[in-house]
Amino acid sequence: MERYWRMTVGEVESSLGTSAPGLSSKEAKARLLEYGPNEIEKADRKTPVGIFISQFQNPLVYILIGATAIAALLGDAMEALIILAILVVNAILGFVQEYRSERALEELRKYVSMTARVMRDNQVEEHKVQELVPGDVILVSIGDIVPADARIIESHCLETNESVLTGESNPVEKGANALAIDEPAPHELSNTLFMGSVVTAGSGKAVVVGTAKDTYLGKSAKALVEAGGTTDFEKSIRSFGSMLVRVVLVLTAFVFLVNGALGHDLLESLLFALAIAVGITPELLPIIITIGLSHGAMALVGKHVVVKRLEAIEDLGNIDILCADKTGTLTENAVSLIRYVNADGDDDERILTYSLLCNSAVVQHGKVRGGTIDSAIWTYALSKFDIRKTKEYSKVDEVPFDYSRKRMSVIVEKGNERLLITKGAPETVFPSCSKVREGGREKPISQSLKRLVKTAEGFGSEGYRVVAVACRKVKAQKEYSAKDELGLVFMGFLILMDPPKKDAMPALERFRKLGVEIYVLTGDGPLVTENVCGQVGVHNKAGTVLQGFDIARMGEAELRLTVEKHNIYARLAPNDKLAIVNALRANGHIVGFIGDGVNDAPSLKAADVGISVNNGTDIAKEAADVVLMRKSLNAVANGISEGRRTFANIIKYIDSTISANFGNMFTLTIASLFLPFIPLLPSQILFNNFLSDVPMLAVSTDSVDKDELKKPKRWDIGRISRFMVFFGLISSVFDIITMAFVFFILGANAPLFRTVWFLESVLSEIFVVFSVRTIKPMYKSVPSMLLIYASIFAAMAAIGVIYTPLAPFFEFAPLSLDIIGIVLVIVALYVGVVEVAKGIFLWNEARRKAAANGTAKA
């Protein structure tokens, strides 16, 4: 039903063909067939088998499956088993994470009550929520979960908590009056109850105007089903895998066809070509990623961050925009009393004393229970005020708070004198006042009213909550009522606010240094939001705060332009937040999103990294990738640093392995064209891979230069390809030098040739890691001890195997110390040349990046 909020109660009932007595049972059944059951959308559940199979559906895995088959075909069962074990372990890890995330939508269903009280056939009946239809008249009271979206037709001090939609936990007053609003946001619909919200005070009747997918909660569920998709990490791995597939296919086909054309044995040529395919494949990449991510996850546990999806660590490190709510993230999410000032603007304890007397909160064993404002006053007083001053007064009577008056009053007695104290919204207290106490005496309020109103509005515009306090002496009488709230003397204001977190500003400074921009997405008002952002140092780059209605009327193209200019948004509905996250991702940003409510679930799932908190709702935690044990921006900053450390180590492995493998296999390919024998046997190629991979396992937990943590970085397949070719060819040059020395100077036969080149190839790949692991000169960057020890072990094993009983198995020939010394000199020269070439490569990449940025800006 459209625009129901603008209609009177009679118009709503007429449009829906209903009335106060409710629908007839017959009509309700007919509508149930027409509209369907009132339940939120279910996800298309994946079967466990389907989820497990999906873990193998990416190009890199296809390559590794092919490598497993080839290794088995070549008779290297150990290599085949290792690769297979790596694939299975990673598939199991991925399966566990995805299976858990599938539960997210089911958790959303918990926010819908099971039964509802409904008027049917002119009597109150209890029905399952699924049986509700548009036109049903429902009854709600305190504690009820609203079963559908409904237009209120009767309200008795009705109040609801709509944090399920808006994320703001403050109670919302509800009434039955029509609203002259064209495109309202949920928080503006004061005559509407929303499915999933909770009645916190009063009671009422309402006509159902939307069920199932037509409710605001149902739309969130639909968005949750549609949200998500491929993260930046997943896209990057697929791109890398695709690039690798092309290189492997081209090299393998080239080697086989050329060797066959040159008259080499076809079977031997085929086996050699297949060994090349395995040799260039970074088979340890999945396990390197898993070890690196697991190491990062364990490190983050000690920093109050729990990672649900391991890959999220890398995405967390690469985010360049973090979207966060104001409440609870920048602020404490607890209203606090800041000041209590008299009409002269001075702090006055009498204002605080009166507000403690005119207060409905209850204090038991040092704990305060009650409304937000009253609890905040008592919480402040218990720690900073001598509450014995209130013992001088005894309570005689009370005029309770109600939403029509927006104030409450108490009558207290001290000695023989009775005092009526009123506390409430300034706009309702001012009209009840005839005097004001200024300068120590009472005077007519008319002279000061404009100034006092301006003062109250000024505090309000800065994000503060303002409560007015007034009083007057009264005579003793049997009972008191709202009629006695006249002729009051205005005393002053209580100033309250949800204060900024003490660690918010330092944390935001950390984000600036990390190159991460903060976007504030909140359901709160624009004035409060802008004020808080100003206090904690969130720069408003546009100078204005956009609201939900601004976002709702934008097309996709306009929104994508807008999100680049604006970073502070207020009065947002769940779909608005989701639209902003999607627009930022469409623009190429890697987006993190912090949220803890049901309303945040779609955005949590849609972001590259969804971040929730331990005390958040179950649906938010299920939809998130990362859960904070305490809601702190510093914890997120720790996660970003750890993610960048993990990413840096994964790229180290890829750079080192892919360039060395490419160089070795390129050399093999070229050498096979001119040598009268195969340069390396398939078993030697696979053993080469195995030994060089030993120190690579240590790279996953290597130390990382501080400079590497300063800015977000992304997978750059073009850079990886250029690195592979540039350094691979350098590797090939030294391989060819080694071959020329062995073949032409030593006049080596096939076994000796293969042994020398095997040793040079392995050692160069092991030791070049110390150069390519850092952008600094290698002597200025300290590697981890584990990497050093693993490299020494692998190098000793490579040399030692030549003199062990395993040598005949690999067809190695014994080497003299002179030859080993020459190989070591070649390796040392190679590492030195790579150090120099590294500077050239980094300079070229910087120029390329600067040119690309200039083109983008133009």
# chains A, B, ... in the order shown; residues from 1 in each chain; ligands from 1
>>> residues_around(residues="stretch 9-15 of chain A", least_positions_apart="6", cutoff="10 Å", atoms="only C-alpha atoms", output="list in words")
Met1, Arg3, Gly22, Gly135, Asp136, Val137, Arg151, Ile152, Ile153, Glu154, Ala176, Asn177, Ala178, Ala206, Val207, Val208 and Val209 of chain A
>>> write_last_selection(atoms="N, CA, C and O atoms", output="short mmCIF file (atom, residue, chain, number, x, y, z; two decimals), in the first residue's frame")
data_model
loop_
_atom_site.label_atom_id
_atom_site.label_comp_id
_atom_site.auth_asym_id
_atom_site.auth_seq_id
_atom_site.Cartn_x
_atom_site.Cartn_y
_atom_site.Cartn_z
N MET A 1 0.85 -1.19 0.00
CA MET A 1 0.00 0.00 0.00
C MET A 1 0.89 1.24 0.00
O MET A 1 1.81 1.35 0.80
N ARG A 3 1.79 5.39 0.21
CA ARG A 3 1.47 6.69 0.80
C ARG A 3 0.42 6.59 1.91
O ARG A 3 -0.35 7.52 2.14
N GLY A 22 -11.89 -5.47 12.44
CA GLY A 22 -10.98 -6.38 11.77
C GLY A 22 -11.61 -7.07 10.57
O GLY A 22 -12.78 -6.86 10.24
N GLY A 135 -4.51 -5.31 5.83
CA GLY A 135 -5.88 -5.06 6.27
C GLY A 135 -6.19 -5.61 7.64
O GLY A 135 -7.16 -5.20 8.27
N ASP A 136 -5.35 -6.53 8.14
CA ASP A 136 -5.53 -7.03 9.50
C ASP A 136 -5.31 -5.91 10.51
O ASP A 136 -4.41 -5.07 10.33
N VAL A 137 -6.11 -5.90 11.56
CA VAL A 137 -5.94 -4.94 12.66
C VAL A 137 -5.23 -5.68 13.80
O VAL A 137 -5.74 -6.67 14.31
N ARG A 151 0.06 0.66 9.91
CA ARG A 151 -0.30 2.08 10.14
C ARG A 151 -1.09 2.16 11.43
O ARG A 151 -2.09 1.46 11.62
N ILE A 152 -0.61 2.99 12.35
CA ILE A 152 -1.23 3.10 13.68
C ILE A 152 -2.59 3.79 13.57
O ILE A 152 -2.73 4.82 12.89
N ILE A 153 -3.60 3.22 14.23
CA ILE A 153 -4.93 3.85 14.27
C ILE A 153 -5.31 4.26 15.69
O ILE A 153 -6.20 5.08 15.88
N GLU A 154 -4.64 3.70 16.70
CA GLU A 154 -4.82 4.11 18.09
C GLU A 154 -3.47 4.05 18.78
O GLU A 154 -2.73 3.09 18.60
N ALA A 176 -1.07 8.43 15.86
CA ALA A 176 -1.97 8.01 14.77
C ALA A 176 -2.22 9.10 13.74
O ALA A 176 -2.95 8.87 12.76
N ASN A 177 -1.65 10.28 13.92
CA ASN A 177 -1.93 11.39 13.02
C ASN A 177 -1.31 11.18 11.64
O ASN A 177 -0.23 10.59 11.51
N ALA A 178 -2.00 11.69 10.61
CA ALA A 178 -1.47 11.64 9.24
C ALA A 178 -0.25 12.55 9.12
O ALA A 178 -0.12 13.54 9.84
N ALA A 206 -3.13 -1.07 15.16
CA ALA A 206 -2.61 -0.67 13.86
C ALA A 206 -3.15 -1.57 12.77
O ALA A 206 -3.48 -2.73 13.02
N VAL A 207 -3.25 -1.00 11.55
CA VAL A 207 -3.71 -1.77 10.39
C VAL A 207 -2.49 -2.19 9.59
O VAL A 207 -1.63 -1.36 9.25
N VAL A 208 -2.40 -3.48 9.29
CA VAL A 208 -1.27 -4.01 8.53
C VAL A 208 -1.31 -3.45 7.11
O VAL A 208 -2.31 -3.57 6.41
N VAL A 209 -0.18 -2.83 6.69
CA VAL A 209 -0.11 -2.27 5.33
C VAL A 209 0.94 -2.99 4.47
O VAL A 209 0.99 -2.80 3.26
#
>>> closest_residue(among="A:Glu642, A:Asp735, A:Asp149, A:Glu760", to="A:Ile313", atoms="only C-alpha atoms")
A:Glu642
>>> closest_residue(among="A:Thr379, A:Ser294, A:Phe687, A:Glu835", to="A:Val801", atoms="only C-alpha atoms")
A:Phe687
>>> atom_distance(atom1="atom CA of A:Val129", atom2="atom CA of A:Leu32")
11.6 Å
>>> closest_residue(among="A:Ala20, A:Val833, A:Leu746, A:Leu420", to="A:Ser481", atoms="only C-alpha atoms")
A:Leu420
>>> atom_distance(atom1="atom CA of A:Ser375", atom2="atom CA of A:Ser141")
23.2 Å
>>> residues_around(residues="A:Val536", least_positions_apart="6", cutoff="7 Å", atoms="only C-alpha atoms", output="compact mmCIF listing (two decimals) with N, CA, C and O atoms, in the first residue's frame")
# COMPACT_ATOMS: atom_id res chain seq x y z
N PRO A 500 32.02 11.63 22.46
CA PRO A 500 32.97 10.92 21.60
C PRO A 500 33.85 9.99 22.43
O PRO A 500 34.15 10.27 23.60
N ALA A 504 38.91 7.78 19.96
CA ALA A 504 38.47 7.97 18.57
C ALA A 504 39.44 8.83 17.78
O ALA A 504 39.84 8.47 16.67
N MET A 505 39.85 9.97 18.34
CA MET A 505 40.73 10.86 17.59
C MET A 505 42.10 10.24 17.32
O MET A 505 42.58 10.28 16.18
>>> residues_around(residues="A:Ala470", least_positions_apart="5", cutoff="7 Å", atoms="only C-alpha atoms", output="VMD selection string")
chain A and resid 421 to 423 488 to 491
>>> select_by_dssp(residues="stretch 588-669 of chain A", states="strand (DSSP E or B)", output="count of residues only")
12
>>> residues_around(residues="A:Lys776", least_positions_apart="2", cutoff="10 Å", atoms="only C-alpha atoms", output="PyMOL selection string")
chain A and resi 705+707+771-774+778-781+835+838-839
>>> write_last_selection(atoms="N, CA, C and O atoms", output="mmCIF file, in the first residue's frame")
data_model
loop_
_atom_site.group_PDB
_atom_site.id
_atom_site.type_symbol
_atom_site.label_atom_id
_atom_site.label_comp_id
_atom_site.auth_asym_id
_atom_site.auth_seq_id
_atom_site.Cartn_x
_atom_site.Cartn_y
_atom_site.Cartn_z
ATOM 1 N N ASP A 705 58.910 -4.679 6.291
ATOM 2 C CA ASP A 705 59.367 -3.299 6.496
ATOM 3 C C ASP A 705 58.193 -2.390 6.838
ATOM 4 O O ASP A 705 57.096 -2.539 6.285
ATOM 5 N N ASP A 707 57.650 0.598 6.014
ATOM 6 C CA ASP A 707 57.180 1.373 4.854
ATOM 7 C C ASP A 707 56.097 0.621 4.074
ATOM 8 O O ASP A 707 55.254 1.227 3.412
ATOM 9 N N SER A 771 66.766 -10.554 -1.574
ATOM 10 C CA SER A 771 66.746 -9.281 -2.291
ATOM 11 C C SER A 771 65.319 -8.848 -2.620
ATOM 12 O O SER A 771 64.933 -7.709 -2.354
ATOM 13 N N VAL A 772 64.546 -9.765 -3.194
ATOM 14 C CA VAL A 772 63.205 -9.374 -3.665
ATOM 15 C C VAL A 772 62.189 -9.267 -2.528
ATOM 16 O O VAL A 772 61.092 -8.779 -2.739
ATOM 17 N N ARG A 773 62.566 -9.685 -1.301
ATOM 18 C CA ARG A 773 61.613 -9.613 -0.176
ATOM 19 C C ARG A 773 61.433 -8.190 0.345
ATOM 20 O O ARG A 773 60.572 -7.929 1.177
ATOM 21 N N THR A 774 62.223 -7.246 -0.124
ATOM 22 C CA THR A 774 62.147 -5.870 0.369
ATOM 23 C C THR A 774 62.423 -4.888 -0.759
ATOM 24 O O THR A 774 63.168 -5.192 -1.692
ATOM 25 N N MET A 778 68.951 -4.822 0.446
ATOM 26 C CA MET A 778 68.701 -6.004 1.267
ATOM 27 C C MET A 778 69.400 -5.952 2.624
ATOM 28 O O MET A 778 68.901 -6.517 3.602
ATOM 29 N N TYR A 779 70.517 -5.254 2.712
ATOM 30 C CA TYR A 779 71.231 -5.197 3.996
ATOM 31 C C TYR A 779 70.530 -4.284 5.016
ATOM 32 O O TYR A 779 70.885 -4.280 6.195
ATOM 33 N N LYS A 780 69.547 -3.498 4.542
ATOM 34 C CA LYS A 780 68.817 -2.607 5.459
ATOM 35 C C LYS A 780 67.511 -3.204 5.972
ATOM 36 O O LYS A 780 66.818 -2.585 6.758
ATOM 37 N N SER A 781 67.179 -4.386 5.515
ATOM 38 C CA SER A 781 65.928 -5.032 5.929
ATOM 39 C C SER A 781 66.256 -6.381 6.558
ATOM 40 O O SER A 781 66.885 -7.237 5.917
ATOM 41 N N GLU A 835 69.874 -6.968 -7.088
ATOM 42 C CA GLU A 835 69.780 -5.792 -6.213
ATOM 43 C C GLU A 835 69.779 -4.505 -7.032
ATOM 44 O O GLU A 835 68.985 -3.592 -6.785
ATOM 45 N N LYS A 838 66.631 -4.294 -9.166
ATOM 46 C CA LYS A 838 65.451 -3.984 -8.345
ATOM 47 C C LYS A 838 65.188 -2.485 -8.313
ATOM 48 O O LYS A 838 64.044 -2.034 -8.441
ATOM 49 N N GLY A 839 66.267 -1.716 -8.153
ATOM 50 C CA GLY A 839 66.119 -0.259 -8.149
ATOM 51 C C GLY A 839 65.573 0.255 -9.472
ATOM 52 O O GLY A 839 64.714 1.142 -9.509
#
>>> residues_around(residues="A:Ala828", least_positions_apart="6", cutoff="12 Å", atoms="only C-alpha atoms", output="PyMOL selection string")
chain A and resi 734+760+763-768+770-771+821-822+834-835
>>> closest_residue(among="A:Ile65, A:Glu413, A:Leu559, A:Lys513", to="A:Leu81", atoms="only C-alpha atoms")
A:Ile65
>>> closest_atom_pairs(of="stretch 348-400 of chain A", to="stretch 332-339 of chain A", cutoff="8 Å", atoms="only C-alpha atoms", output="tab-separated table")
residue	atom	partner	partner_atom	distance
A:Thr372	CA	A:Val335	CA	6.9
A:Ile373	CA	A:Val335	CA	7.2
A:Ala376	CA	A:Ser336	CA	5.2
A:Ile377	CA	A:Leu337	CA	5.9
A:Tyr380	CA	A:Leu337	CA	6.3
>>> write_last_selection(atoms="N, CA and C atoms", output="CSV table (one decimal), in the first residue's frame")
chain,number,residue,atom,x,y,z
A,372,THR,N,16.6,6.7,29.4
A,372,THR,CA,17.9,7.2,28.9
A,372,THR,C,18.4,8.4,29.7
A,373,ILE,N,17.5,9.4,29.7
A,373,ILE,CA,17.9,10.7,30.3
A,373,ILE,C,18.0,10.6,31.8
A,376,ALA,N,21.1,8.7,32.9
A,376,ALA,CA,22.3,9.5,32.6
A,376,ALA,C,22.5,10.5,33.8
A,377,ILE,N,21.4,11.1,34.3
A,377,ILE,CA,21.6,12.1,35.4
A,377,ILE,C,22.0,11.4,36.6
A,380,TYR,N,25.8,10.1,36.4
A,380,TYR,CA,26.7,11.2,36.7
A,380,TYR,C,26.8,11.5,38.2
